[in-house]
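S.K.: This one is protein_35.pdb, PDB, C-alpha atoms and all ligand atoms.
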ATOM      1  CA  MET A1151      61.089 -22.575 -55.440  1.00  0.00           C
ATOM      2  CA  LYS A1152      62.320 -19.668 -53.354  1.00  0.00           C
ATOM      3  CA  ILE A1153      59.525 -17.931 -51.443  1.00  0.00           C
ATOM      4  CA  GLY A1154      60.136 -14.698 -49.553  1.00  0.00           C
ATOM      5  CA  VAL A1155      58.304 -13.677 -46.399  1.00  0.00           C
ATOM      6  CA  LEU A1156      58.190  -9.906 -45.971  1.00  0.00           C
ATOM      7  CA  ALA A1157      59.969  -9.409 -42.646  1.00  0.00           C
ATOM      8  CA  LEU A1158      59.235  -5.814 -41.645  1.00  0.00           C
ATOM      9  CA  GLN A1159      56.792  -6.744 -38.862  1.00  0.00           C
ATOM     10  CA  GLY A1160      54.595  -9.709 -37.962  1.00  0.00           C
ATOM     11  CA  ALA A1161      54.513 -13.504 -38.160  1.00  0.00           C
ATOM     12  CA  VAL A1162      57.592 -14.367 -40.253  1.00  0.00           C
ATOM     13  CA  ALA A1163      59.327 -17.461 -38.794  1.00  0.00           C
ATOM     14  CA  GLU A1164      56.112 -19.522 -38.789  1.00  0.00           C
ATOM     15  CA  HIS A1165      55.573 -18.886 -42.513  1.00  0.00           C
ATOM     16  CA  ILE A1166      59.175 -19.823 -43.330  1.00  0.00           C
ATOM     17  CA  ASN A1167      58.679 -23.074 -41.429  1.00  0.00           C
ATOM     18  CA  MET A1168      55.448 -23.870 -43.330  1.00  0.00           C
ATOM     19  CA  ILE A1169      57.029 -23.101 -46.727  1.00  0.00           C
ATOM     20  CA  GLY A1170      59.713 -25.656 -45.864  1.00  0.00           C
ATOM     21  CA  LYS A1171      57.102 -28.284 -44.917  1.00  0.00           C
ATOM     22  CA  ALA A1172      55.279 -27.642 -48.195  1.00  0.00           C
ATOM     23  CA  GLY A1173      58.504 -28.315 -50.133  1.00  0.00           C
ATOM     24  CA  GLY A1174      59.781 -24.811 -50.866  1.00  0.00           C
ATOM     25  CA  GLU A1175      62.622 -22.669 -49.552  1.00  0.00           C
ATOM     26  CA  GLY A1176      61.497 -19.782 -47.350  1.00  0.00           C
ATOM     27  CA  VAL A1177      63.576 -16.645 -46.818  1.00  0.00           C
ATOM     28  CA  ALA A1178      62.998 -13.536 -44.701  1.00  0.00           C
ATOM     29  CA  VAL A1179      62.855 -10.416 -46.884  1.00  0.00           C
ATOM     30  CA  LYS A1180      64.076  -7.125 -45.452  1.00  0.00           C
ATOM     31  CA  LYS A1181      65.350  -5.336 -48.553  1.00  0.00           C
ATOM     32  CA  THR A1182      63.810  -4.728 -51.967  1.00  0.00           C
ATOM     33  CA  GLU A1183      67.010  -5.993 -53.649  1.00  0.00           C
ATOM     34  CA  GLN A1184      66.080  -9.501 -52.492  1.00  0.00           C
ATOM     35  CA  LEU A1185      62.929  -9.565 -54.648  1.00  0.00           C
ATOM     36  CA  ALA A1186      64.876 -10.339 -57.829  1.00  0.00           C
ATOM     37  CA  GLU A1187      65.846 -13.782 -56.529  1.00  0.00           C
ATOM     38  CA  LEU A1188      62.320 -14.794 -55.419  1.00  0.00           C
ATOM     39  CA  ASP A1189      59.667 -16.848 -57.212  1.00  0.00           C
ATOM     40  CA  GLY A1190      56.877 -15.690 -54.889  1.00  0.00           C
ATOM     41  CA  ILE A1191      56.319 -13.659 -51.720  1.00  0.00           C
ATOM     42  CA  ILE A1192      54.114 -13.839 -48.618  1.00  0.00           C
ATOM     43  CA  ILE A1193      52.984 -10.715 -46.785  1.00  0.00           C
ATOM     44  CA  PRO A1194      52.316 -11.945 -43.236  1.00  0.00           C
ATOM     45  CA  GLY A1195      49.873 -11.030 -40.502  1.00  0.00           C
ATOM     46  CA  GLY A1196      50.723  -8.346 -37.983  1.00  0.00           C
ATOM     47  CA  GLU A1197      49.457  -4.788 -37.956  1.00  0.00           C
ATOM     48  CA  SER A1198      48.577  -3.534 -41.424  1.00  0.00           C
ATOM     49  CA  THR A1199      49.059   0.183 -40.693  1.00  0.00           C
ATOM     50  CA  THR A1200      52.577  -0.510 -39.405  1.00  0.00           C
ATOM     51  CA  ILE A1201      53.454  -2.921 -42.208  1.00  0.00           C
ATOM     52  CA  GLY A1202      52.089  -0.456 -44.825  1.00  0.00           C
ATOM     53  CA  LYS A1203      54.083   2.422 -43.333  1.00  0.00           C
ATOM     54  CA  LEU A1204      57.314   0.410 -43.286  1.00  0.00           C
ATOM     55  CA  MET A1205      56.675  -0.837 -46.839  1.00  0.00           C
ATOM     56  CA  ARG A1206      56.408   2.771 -47.991  1.00  0.00           C
ATOM     57  CA  GLU A1207      59.554   3.737 -46.116  1.00  0.00           C
ATOM     58  CA  TYR A1208      61.632   0.899 -47.571  1.00  0.00           C
ATOM     59  CA  GLY A1209      60.300   1.182 -51.137  1.00  0.00           C
ATOM     60  CA  PHE A1210      58.353  -2.092 -51.096  1.00  0.00           C
ATOM     61  CA  ILE A1211      55.059  -0.660 -52.399  1.00  0.00           C
ATOM     62  CA  ASP A1212      56.317   0.047 -55.935  1.00  0.00           C
ATOM     63  CA  GLU A1213      58.655  -2.940 -56.017  1.00  0.00           C
ATOM     64  CA  ILE A1214      56.053  -5.534 -54.975  1.00  0.00           C
ATOM     65  CA  ARG A1215      53.558  -4.018 -57.434  1.00  0.00           C
ATOM     66  CA  LEU A1216      56.152  -4.567 -60.154  1.00  0.00           C
ATOM     67  CA  PHE A1217      56.862  -8.089 -58.866  1.00  0.00           C
ATOM     68  CA  ALA A1218      53.138  -8.929 -59.131  1.00  0.00           C
ATOM     69  CA  LYS A1219      52.792  -7.315 -62.568  1.00  0.00           C
ATOM     70  CA  GLN A1220      55.543  -9.670 -63.775  1.00  0.00           C
ATOM     71  CA  GLY A1221      53.143 -12.502 -62.913  1.00  0.00           C
ATOM     72  CA  LYS A1222      54.949 -13.600 -59.760  1.00  0.00           C
ATOM     73  CA  PRO A1223      52.585 -14.827 -57.017  1.00  0.00           C
ATOM     74  CA  VAL A1224      51.875 -12.793 -53.874  1.00  0.00           C
ATOM     75  CA  PHE A1225      50.044 -14.249 -50.845  1.00  0.00           C
ATOM     76  CA  GLY A1226      48.678 -11.950 -48.136  1.00  0.00           C
ATOM     77  CA  THR A1227      47.544 -13.421 -44.820  1.00  0.00           C
ATOM     78  CA  CYS A1228      45.460 -11.417 -42.340  1.00  0.00           C
ATOM     79  CA  ALA A1229      47.189  -7.983 -42.254  1.00  0.00           C
ATOM     80  CA  GLY A1230      48.786  -9.052 -45.560  1.00  0.00           C
ATOM     81  CA  LEU A1231      45.312  -9.430 -47.074  1.00  0.00           C
ATOM     82  CA  ILE A1232      44.550  -5.842 -46.037  1.00  0.00           C
ATOM     83  CA  ILE A1233      47.824  -4.727 -47.676  1.00  0.00           C
ATOM     84  CA  LEU A1234      46.791  -6.360 -51.000  1.00  0.00           C
ATOM     85  CA  ALA A1235      43.325  -4.752 -51.196  1.00  0.00           C
ATOM     86  CA  ASP A1236      42.218  -1.930 -53.487  1.00  0.00           C
ATOM     87  CA  ASP A1237      39.982  -0.535 -50.747  1.00  0.00           C
ATOM     88  CA  ILE A1238      39.758  -0.582 -46.943  1.00  0.00           C
ATOM     89  CA  VAL A1239      36.417   0.254 -45.296  1.00  0.00           C
ATOM     90  CA  GLY A1240      36.622   3.596 -43.472  1.00  0.00           C
ATOM     91  CA  GLU A1241      40.192   4.388 -44.550  1.00  0.00           C
ATOM     92  CA  GLU A1242      41.314   6.822 -47.177  1.00  0.00           C
ATOM     93  CA  GLN A1243      44.610   5.216 -48.002  1.00  0.00           C
ATOM     94  CA  ALA A1244      44.987   1.632 -49.199  1.00  0.00           C
ATOM     95  CA  HIS A1245      48.423   0.036 -49.632  1.00  0.00           C
ATOM     96  CA  LEU A1246      49.450  -2.182 -52.585  1.00  0.00           C
ATOM     97  CA  LYS A1247      46.063  -1.875 -54.326  1.00  0.00           C
ATOM     98  CA  LEU A1248      46.644  -5.053 -56.291  1.00  0.00           C
ATOM     99  CA  MET A1249      43.479  -7.032 -55.572  1.00  0.00           C
ATOM    100  CA  ASN A1250      40.066  -5.939 -56.694  1.00  0.00           C
ATOM    101  CA  MET A1251      38.354  -6.174 -53.307  1.00  0.00           C
ATOM    102  CA  LYS A1252      37.130  -4.082 -50.417  1.00  0.00           C
ATOM    103  CA  VAL A1253      38.161  -5.290 -46.962  1.00  0.00           C
ATOM    104  CA  GLN A1254      37.164  -4.484 -43.414  1.00  0.00           C
ATOM    105  CA  ARG A1255      39.734  -4.561 -40.642  1.00  0.00           C
ATOM    106  CA  ASN A1256      39.013  -6.178 -37.248  1.00  0.00           C
ATOM    107  CA  ALA A1257      35.714  -7.360 -38.661  1.00  0.00           C
ATOM    108  CA  PHE A1258      34.819  -9.947 -36.003  1.00  0.00           C
ATOM    109  CA  GLY A1259      34.464  -7.556 -33.068  1.00  0.00           C
ATOM    110  CA  ARG A1260      35.792  -7.985 -29.556  1.00  0.00           C
ATOM    111  CA  GLN A1261      33.836 -11.088 -28.651  1.00  0.00           C
ATOM    112  CA  ARG A1262      35.486 -13.134 -31.366  1.00  0.00           C
ATOM    113  CA  GLU A1263      38.927 -11.514 -31.380  1.00  0.00           C
ATOM    114  CA  SER A1264      40.596 -14.827 -31.898  1.00  0.00           C
ATOM    115  CA  PHE A1265      39.312 -18.326 -32.641  1.00  0.00           C
ATOM    116  CA  GLU A1266      40.197 -21.499 -34.485  1.00  0.00           C
ATOM    117  CA  THR A1267      37.895 -23.261 -36.917  1.00  0.00           C
ATOM    118  CA  GLU A1268      37.746 -25.513 -39.966  1.00  0.00           C
ATOM    119  CA  LEU A1269      37.053 -24.070 -43.389  1.00  0.00           C
ATOM    120  CA  ALA A1270      36.081 -25.487 -46.752  1.00  0.00           C
ATOM    121  CA  ILE A1271      38.628 -24.016 -49.167  1.00  0.00           C
ATOM    122  CA  LYS A1272      38.061 -24.380 -52.906  1.00  0.00           C
ATOM    123  CA  GLY A1273      40.932 -26.282 -54.526  1.00  0.00           C
ATOM    124  CA  ILE A1274      42.175 -27.685 -51.178  1.00  0.00           C
ATOM    125  CA  ASP A1275      39.656 -29.545 -49.011  1.00  0.00           C
ATOM    126  CA  GLU A1276      36.362 -29.387 -47.157  1.00  0.00           C
ATOM    127  CA  ARG A1277      38.174 -29.160 -43.826  1.00  0.00           C
ATOM    128  CA  VAL A1278      41.226 -26.961 -43.436  1.00  0.00           C
ATOM    129  CA  ARG A1279      42.258 -25.659 -40.011  1.00  0.00           C
ATOM    130  CA  ALA A1280      42.388 -21.892 -39.709  1.00  0.00           C
ATOM    131  CA  VAL A1281      43.279 -19.487 -36.902  1.00  0.00           C
ATOM    132  CA  PHE A1282      41.654 -16.050 -36.892  1.00  0.00           C
ATOM    133  CA  ILE A1283      43.244 -13.227 -34.866  1.00  0.00           C
ATOM    134  CA  ARG A1284      41.665  -9.759 -34.994  1.00  0.00           C
ATOM    135  CA  ALA A1285      40.942 -10.771 -38.536  1.00  0.00           C
ATOM    136  CA  PRO A1286      39.709  -8.778 -41.507  1.00  0.00           C
ATOM    137  CA  LEU A1287      36.884  -9.829 -43.862  1.00  0.00           C
ATOM    138  CA  ILE A1288      36.524  -9.358 -47.600  1.00  0.00           C
ATOM    139  CA  LYS A1289      33.282  -7.403 -47.982  1.00  0.00           C
ATOM    140  CA  GLU A1290      33.197  -6.953 -51.779  1.00  0.00           C
ATOM    141  CA  VAL A1291      35.057  -8.516 -54.690  1.00  0.00           C
ATOM    142  CA  GLY A1292      35.375  -7.577 -58.365  1.00  0.00           C
ATOM    143  CA  PRO A1293      34.351  -9.958 -61.181  1.00  0.00           C
ATOM    144  CA  ASP A1294      37.951 -11.126 -61.688  1.00  0.00           C
ATOM    145  CA  VAL A1295      38.243 -12.352 -58.098  1.00  0.00           C
ATOM    146  CA  ASP A1296      37.526 -15.988 -57.272  1.00  0.00           C
ATOM    147  CA  VAL A1297      36.083 -16.584 -53.783  1.00  0.00           C
ATOM    148  CA  LEU A1298      37.858 -19.618 -52.266  1.00  0.00           C
ATOM    149  CA  SER A1299      36.282 -19.749 -48.820  1.00  0.00           C
ATOM    150  CA  THR A1300      33.525 -18.280 -46.674  1.00  0.00           C
ATOM    151  CA  HIS A1301      32.828 -18.426 -42.952  1.00  0.00           C
ATOM    152  CA  ASN A1302      29.246 -17.728 -41.807  1.00  0.00           C
ATOM    153  CA  GLY A1303      28.510 -16.337 -45.257  1.00  0.00           C
ATOM    154  CA  GLU A1304      31.426 -13.870 -45.236  1.00  0.00           C
ATOM    155  CA  ILE A1305      34.428 -14.133 -47.555  1.00  0.00           C
ATOM    156  CA  VAL A1306      37.668 -15.231 -45.849  1.00  0.00           C
ATOM    157  CA  ALA A1307      39.848 -16.348 -48.776  1.00  0.00           C
ATOM    158  CA  ALA A1308      40.084 -15.264 -52.405  1.00  0.00           C
ATOM    159  CA  ARG A1309      42.299 -15.443 -55.466  1.00  0.00           C
ATOM    160  CA  GLN A1310      42.799 -13.114 -58.409  1.00  0.00           C
ATOM    161  CA  GLY A1311      45.184 -14.729 -60.888  1.00  0.00           C
ATOM    162  CA  ASN A1312      48.619 -14.733 -59.238  1.00  0.00           C
ATOM    163  CA  LEU A1313      47.320 -13.067 -56.052  1.00  0.00           C
ATOM    164  CA  LEU A1314      46.060 -15.008 -53.031  1.00  0.00           C
ATOM    165  CA  ALA A1315      44.503 -13.624 -49.837  1.00  0.00           C
ATOM    166  CA  ALA A1316      43.374 -15.191 -46.560  1.00  0.00           C
ATOM    167  CA  SER A1317      41.763 -13.525 -43.526  1.00  0.00           C
ATOM    168  CA  PHE A1318      43.259 -16.115 -41.227  1.00  0.00           C
ATOM    169  CA  HIS A1319      46.728 -17.342 -40.220  1.00  0.00           C
ATOM    170  CA  PRO A1320      47.433 -20.583 -42.118  1.00  0.00           C
ATOM    171  CA  GLU A1321      50.939 -20.640 -40.589  1.00  0.00           C
ATOM    172  CA  LEU A1322      49.711 -21.089 -37.007  1.00  0.00           C
ATOM    173  CA  THR A1323      48.349 -24.631 -37.386  1.00  0.00           C
ATOM    174  CA  ASP A1324      50.117 -27.832 -38.397  1.00  0.00           C
ATOM    175  CA  ASP A1325      48.117 -27.899 -41.635  1.00  0.00           C
ATOM    176  CA  TYR A1326      50.401 -26.657 -44.424  1.00  0.00           C
ATOM    177  CA  ARG A1327      48.043 -27.284 -47.362  1.00  0.00           C
ATOM    178  CA  MET A1328      47.359 -23.574 -47.898  1.00  0.00           C
ATOM    179  CA  HIS A1329      51.118 -23.078 -48.334  1.00  0.00           C
ATOM    180  CA  GLU A1330      51.176 -26.061 -50.691  1.00  0.00           C
ATOM    181  CA  TYR A1331      48.417 -24.399 -52.718  1.00  0.00           C
ATOM    182  CA  PHE A1332      50.477 -21.192 -52.922  1.00  0.00           C
ATOM    183  CA  LEU A1333      53.577 -23.159 -53.887  1.00  0.00           C
ATOM    184  CA  ASP A1334      51.600 -24.736 -56.755  1.00  0.00           C
ATOM    185  CA  MET A1335      50.658 -21.230 -57.947  1.00  0.00           C
ATOM    186  CA  VAL A1336      54.361 -20.300 -57.825  1.00  0.00           C
ATOM    187  CA  LYS A1337      55.409 -23.412 -59.765  1.00  0.00           C
ATOM    188  CA  GLN A1338      52.799 -22.727 -62.441  1.00  0.00           C
ATOM    189  CA  ALA A1339      53.829 -19.068 -62.782  1.00  0.00           C
ATOM    190  CA  HIS A1340      57.469 -20.152 -62.951  1.00  0.00           C
ATOM    191  CA  SER A1341      56.953 -22.716 -65.711  1.00  0.00           C
ATOM    192  CA  SER A1342      54.802 -20.373 -67.815  1.00  0.00           C
ATOM    193  CA  SER A1343      57.422 -17.610 -67.546  1.00  0.00           C
ATOM    194  CA  VAL A1344      60.142 -20.062 -68.632  1.00  0.00           C
ATOM    195  CA  GLN A1345      58.032 -21.041 -71.666  1.00  0.00           C
ATOM    196  CA  ARG A1346      57.484 -17.417 -72.677  1.00  0.00           C
TER     197      ARG A1346
HETATM  198  N1  LIG A1401      43.971  -6.411 -37.008  1.00  0.00           N
HETATM  199  C1  LIG A1401      45.165  -6.353 -37.801  1.00  0.00           C
HETATM  200  C2  LIG A1401      45.096  -5.188 -38.788  1.00  0.00           C
HETATM  201  O1  LIG A1401      44.060  -4.655 -39.007  1.00  0.00           O
HETATM  202  C3  LIG A1401      45.393  -7.652 -38.558  1.00  0.00           C
HETATM  203  C4  LIG A1401      45.539  -8.779 -37.563  1.00  0.00           C
HETATM  204  C5  LIG A1401      46.433  -9.889 -37.982  1.00  0.00           C
HETATM  205  O2  LIG A1401      47.199  -9.799 -38.948  1.00  0.00           O
HETATM  206  N2  LIG A1401      46.399 -10.948 -37.211  1.00  0.00           N
HETATM  207  O3  LIG A1401      46.095  -4.835 -39.328  1.00  0.00           O
END
Please lay out the structure from this file as structure tokens.

M.R.:
Amino acid sequence: MKIGVLALQGAVAEHINMIGKAGGEGVAVKKTEQLAELDGIIIPGGESTTIGKLMREYGFIDEIRLFAKQGKPVFGTCAGLIILADDIVGEEQAHLKLMNMKVQRNAFGRQRESFETELAIKGIDERVRAVFIRAPLIKEVGPDVDVLSTHNGEIVAARQGNLLAASFHPELTDDYRMHEYFLDMVKQAHSSSVQR
């Protein structure tokens, strides 16, 4: 399975490395023309305003919406989660507006700007290592969104069909099971599109 990592800004190389460990082929994506050859795409962490602006400039907003509407899986981590959301607390403009959720940027405040912890993630394990860096939280979800993980009662991972979102950086640990989970989503989407 060929998985793209949107390479406009942010943590790209680490994701490509993790995709490889999980058994897929990771490629850096800089042009919309590359989307046609991908089975799934990851939108990495970084700075969501910058990533959103560059996505608009390079035509990725419409093209990734189309990619997702075709049933191909999209995984947003940290800033990527913000990019996927329908709504961002306190901001007028959202980005891809693919996932039925409202998110809050930099939701942990200055005291907990970055930390590492273990999370119970539905469908993976009770203990998965996760690194949070100026992380967002999912404050509200629609009925079609499945909550996969919470931390202190707040939502930090969710799935809506072929869309996956995590507040944290799963690529910054040596635990690649979150990438394995995404790769399984990609394999399933791939085999059901072949059957169709
Ligand atoms: N704080 C960043 C934002 O709001 C996200 C941080 C990250 O991706 N590590 O865009």

S.K.: From the set A:Asp1324, A:Glu1330, A:Glu1183, A:Glu1268, which residue has the shortest atom-to-atom contact distance to Asn1302 in chain A, counting all atoms listed in the file?

M.R.: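 Of A:Asp1324, A:Glu1330, A:Glu1183, A:Glu1268, the one nearest Asn1302 in chain A, counting all atoms listed in the file, is A:Glu1268.
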
S.K.: List all protein, DNA and RNA residues that have any atom at most 12 Å from ligand LIG 1401 (chain A), counting all atoms listed in the file, and write the list as a CSV table (one decimal) with C-alpha atoms, in the frame of the given file.

M.R.:
chain,number,residue,atom,x,y,z
A,1159,GLN,CA,56.8,-6.7,-38.9
A,1160,GLY,CA,54.6,-9.7,-38.0
A,1161,ALA,CA,54.5,-13.5,-38.2
A,1162,VAL,CA,57.6,-14.4,-40.3
A,1193,ILE,CA,53.0,-10.7,-46.8
A,1194,PRO,CA,52.3,-11.9,-43.2
A,1195,GLY,CA,49.9,-11.0,-40.5
A,1196,GLY,CA,50.7,-8.3,-38.0
A,1197,GLU,CA,49.5,-4.8,-38.0
A,1198,SER,CA,48.6,-3.5,-41.4
A,1199,THR,CA,49.1,0.2,-40.7
A,1200,THR,CA,52.6,-0.5,-39.4
A,1201,ILE,CA,53.5,-2.9,-42.2
A,1202,GLY,CA,52.1,-0.5,-44.8
A,1203,LYS,CA,54.1,2.4,-43.3
A,1226,GLY,CA,48.7,-12.0,-48.1
A,1227,THR,CA,47.5,-13.4,-44.8
A,1228,CYS,CA,45.5,-11.4,-42.3
A,1229,ALA,CA,47.2,-8.0,-42.3
A,1230,GLY,CA,48.8,-9.1,-45.6
A,1231,LEU,CA,45.3,-9.4,-47.1
A,1232,ILE,CA,44.6,-5.8,-46.0
A,1233,ILE,CA,47.8,-4.7,-47.7
A,1234,LEU,CA,46.8,-6.4,-51.0
A,1238,ILE,CA,39.8,-0.6,-46.9
A,1239,VAL,CA,36.4,0.3,-45.3
A,1240,GLY,CA,36.6,3.6,-43.5
A,1241,GLU,CA,40.2,4.4,-44.6
A,1244,ALA,CA,45.0,1.6,-49.2
A,1245,HIS,CA,48.4,0.0,-49.6
A,1253,VAL,CA,38.2,-5.3,-47.0
A,1254,GLN,CA,37.2,-4.5,-43.4
A,1255,ARG,CA,39.7,-4.6,-40.6
A,1256,ASN,CA,39.0,-6.2,-37.2
A,1257,ALA,CA,35.7,-7.4,-38.7
A,1258,PHE,CA,34.8,-9.9,-36.0
A,1259,GLY,CA,34.5,-7.6,-33.1
A,1260,ARG,CA,35.8,-8.0,-29.6
A,1263,GLU,CA,38.9,-11.5,-31.4
A,1264,SER,CA,40.6,-14.8,-31.9
A,1265,PHE,CA,39.3,-18.3,-32.6
A,1280,ALA,CA,42.4,-21.9,-39.7
A,1281,VAL,CA,43.3,-19.5,-36.9
A,1282,PHE,CA,41.7,-16.0,-36.9
A,1283,ILE,CA,43.2,-13.2,-34.9
A,1284,ARG,CA,41.7,-9.8,-35.0
A,1285,ALA,CA,40.9,-10.8,-38.5
A,1286,PRO,CA,39.7,-8.8,-41.5
A,1287,LEU,CA,36.9,-9.8,-43.9
A,1315,ALA,CA,44.5,-13.6,-49.8
A,1316,ALA,CA,43.4,-15.2,-46.6
A,1317,SER,CA,41.8,-13.5,-43.5
A,1318,PHE,CA,43.3,-16.1,-41.2
A,1319,HIS,CA,46.7,-17.3,-40.2
A,1320,PRO,CA,47.4,-20.6,-42.1
A,1321,GLU,CA,50.9,-20.6,-40.6
A,1322,LEU,CA,49.7,-21.1,-37.0

S.K.: Assuming the chain letters and numbering stay as they are in my file, what does the PyMOL selection byres (((chain A and resi 1186) around 12) and not hetatm) actually select? List them as a VMD selection string.

M.R.: chain A and resid 1152 to 1154 1179 1181 to 1185 1187 to 1191 1213 to 1214 1216 to 1218 1220 1222

S.K.: Please write the residues picked by the PyMOL selection byres (((chain A and resi 1297) around 8) and not hetatm) on this file as a PyMOL selection string.

M.R.: chain A and resi 1295-1296+1298-1300+1305+1307-1309

S.K.: Closest to Gly1221 in chain A among A:Leu1313, A:Met1328, A:Val1291, A:Ala1157, using all atoms listed in the file?

M.R.: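 Going through A:Leu1313, A:Met1328, A:Val1291, A:Ala1157 one by one, the smallest distance to Gly1221 in chain A is for A:Leu1313.
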
S.K.: Looking at A:Asp1237, A:Leu1248, A:Met1205, A:Val1306, which one is nearest to Asp1294 in chain A, with distances taken over all atoms listed in the file?

M.R.: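 Looking only at the distances to Asp1294 in chain A, the closest residue turns out to be A:Leu1248.
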
S.K.: Rank A:Ser1343, A:Asn1167, A:Asn1312, A:Thr1323 by their smallest atom-to-atom distance to Val1278 in chain A, using all atoms listed in the file, and report the top residue only.

M.R.: A:Thr1323

S.K.: So how far away is CA of Ile1211 in chain A from CA of His1329 in chain A, in Å?

M.R.: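 These two atoms are separated by 23.1 Å.
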
S.K.: Do you have the CA of Phe1210 in chain A-CA of Gly1174 in chain A distance handy?

M.R.: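 Going from CA of Phe1210 in chain A over to CA of Gly1174 in chain A covers 22.8 Å.
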
S.K.: State, in Å with one decimal place, the distance from CA of Ala1178 in chain A to CA of Leu1156 in chain A.

M.R.: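 Pair CA of Ala1178 in chain A / CA of Leu1156 in chain A returns 6.2 Å.
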
S.K.: Is it possible to get the axis-aligned box enclosing range 1274-1286 of chain A (all listed atoms, 5 Å extra per side) as JSON, with centre and edge lengths in Å rounded to one decimal?

M.R.:
{"center_x": 39.8, "center_y": -19.2, "center_z": -43.0, "size_x": 16.9, "size_y": 30.8, "size_z": 26.3}

S.K.: Restore N, CA and C atoms in range 1292-1311 of chain A and list the result as a PDB file, keeping the file's coordinate frame.

M.R.:
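Dumped to rebuild_5.pdb:
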ATOM      1  N   GLY A1292      35.628  -7.865 -56.957  1.00  0.00           N
ATOM      2  CA  GLY A1292      35.375  -7.577 -58.365  1.00  0.00           C
ATOM      3  C   GLY A1292      35.127  -8.871 -59.125  1.00  0.00           C
ATOM      4  N   PRO A1293      34.695  -8.776 -60.379  1.00  0.00           N
ATOM      5  CA  PRO A1293      34.351  -9.958 -61.181  1.00  0.00           C
ATOM      6  C   PRO A1293      35.552 -10.871 -61.474  1.00  0.00           C
ATOM      7  N   ASP A1294      36.764 -10.328 -61.393  1.00  0.00           N
ATOM      8  CA  ASP A1294      37.951 -11.126 -61.688  1.00  0.00           C
ATOM      9  C   ASP A1294      38.501 -11.844 -60.455  1.00  0.00           C
ATOM     10  N   VAL A1295      37.779 -11.720 -59.338  1.00  0.00           N
ATOM     11  CA  VAL A1295      38.243 -12.352 -58.098  1.00  0.00           C
ATOM     12  C   VAL A1295      37.434 -13.621 -57.829  1.00  0.00           C
ATOM     13  N   ASP A1296      38.143 -14.698 -57.541  1.00  0.00           N
ATOM     14  CA  ASP A1296      37.526 -15.988 -57.272  1.00  0.00           C
ATOM     15  C   ASP A1296      37.446 -16.180 -55.745  1.00  0.00           C
ATOM     16  N   VAL A1297      36.237 -16.367 -55.226  1.00  0.00           N
ATOM     17  CA  VAL A1297      36.083 -16.584 -53.783  1.00  0.00           C
ATOM     18  C   VAL A1297      36.446 -18.041 -53.475  1.00  0.00           C
ATOM     19  N   LEU A1298      37.411 -18.250 -52.575  1.00  0.00           N
ATOM     20  CA  LEU A1298      37.858 -19.618 -52.266  1.00  0.00           C
ATOM     21  C   LEU A1298      37.239 -20.165 -50.989  1.00  0.00           C
ATOM     22  N   SER A1299      36.838 -19.254 -50.074  1.00  0.00           N
ATOM     23  CA  SER A1299      36.282 -19.749 -48.820  1.00  0.00           C
ATOM     24  C   SER A1299      35.418 -18.692 -48.139  1.00  0.00           C
ATOM     25  N   THR A1300      34.361 -19.184 -47.481  1.00  0.00           N
ATOM     26  CA  THR A1300      33.525 -18.280 -46.674  1.00  0.00           C
ATOM     27  C   THR A1300      33.366 -18.886 -45.280  1.00  0.00           C
ATOM     28  N   HIS A1301      33.091 -17.993 -44.325  1.00  0.00           N
ATOM     29  CA  HIS A1301      32.828 -18.426 -42.952  1.00  0.00           C
ATOM     30  C   HIS A1301      31.580 -17.656 -42.506  1.00  0.00           C
ATOM     31  N   ASN A1302      30.541 -18.352 -42.130  1.00  0.00           N
ATOM     32  CA  ASN A1302      29.246 -17.728 -41.807  1.00  0.00           C
ATOM     33  C   ASN A1302      28.793 -16.749 -42.893  1.00  0.00           C
ATOM     34  N   GLY A1303      28.987 -17.149 -44.141  1.00  0.00           N
ATOM     35  CA  GLY A1303      28.510 -16.337 -45.257  1.00  0.00           C
ATOM     36  C   GLY A1303      29.406 -15.169 -45.642  1.00  0.00           C
ATOM     37  N   GLU A1304      30.516 -14.985 -44.927  1.00  0.00           N
ATOM     38  CA  GLU A1304      31.426 -13.870 -45.236  1.00  0.00           C
ATOM     39  C   GLU A1304      32.703 -14.423 -45.874  1.00  0.00           C
ATOM     40  N   ILE A1305      33.267 -13.643 -46.801  1.00  0.00           N
ATOM     41  CA  ILE A1305      34.428 -14.133 -47.555  1.00  0.00           C
ATOM     42  C   ILE A1305      35.720 -14.049 -46.729  1.00  0.00           C
ATOM     43  N   VAL A1306      36.421 -15.185 -46.626  1.00  0.00           N
ATOM     44  CA  VAL A1306      37.668 -15.231 -45.849  1.00  0.00           C
ATOM     45  C   VAL A1306      38.893 -15.659 -46.659  1.00  0.00           C
ATOM     46  N   ALA A1307      38.692 -16.060 -47.916  1.00  0.00           N
ATOM     47  CA  ALA A1307      39.848 -16.348 -48.776  1.00  0.00           C
ATOM     48  C   ALA A1307      39.450 -16.124 -50.226  1.00  0.00           C
ATOM     49  N   ALA A1308      40.382 -15.573 -51.004  1.00  0.00           N
ATOM     50  CA  ALA A1308      40.084 -15.264 -52.405  1.00  0.00           C
ATOM     51  C   ALA A1308      41.355 -15.287 -53.225  1.00  0.00           C
ATOM     52  N   ARG A1309      41.154 -15.428 -54.545  1.00  0.00           N
ATOM     53  CA  ARG A1309      42.299 -15.443 -55.466  1.00  0.00           C
ATOM     54  C   ARG A1309      41.960 -14.615 -56.708  1.00  0.00           C
ATOM     55  N   GLN A1310      42.940 -13.861 -57.155  1.00  0.00           N
ATOM     56  CA  GLN A1310      42.799 -13.114 -58.409  1.00  0.00           C
ATOM     57  C   GLN A1310      44.068 -13.386 -59.213  1.00  0.00           C
ATOM     58  N   GLY A1311      44.000 -14.368 -60.089  1.00  0.00           N
ATOM     59  CA  GLY A1311      45.184 -14.729 -60.888  1.00  0.00           C
ATOM     60  C   GLY A1311      46.342 -15.161 -60.006  1.00  0.00           C
TER      61      GLY A1311
END
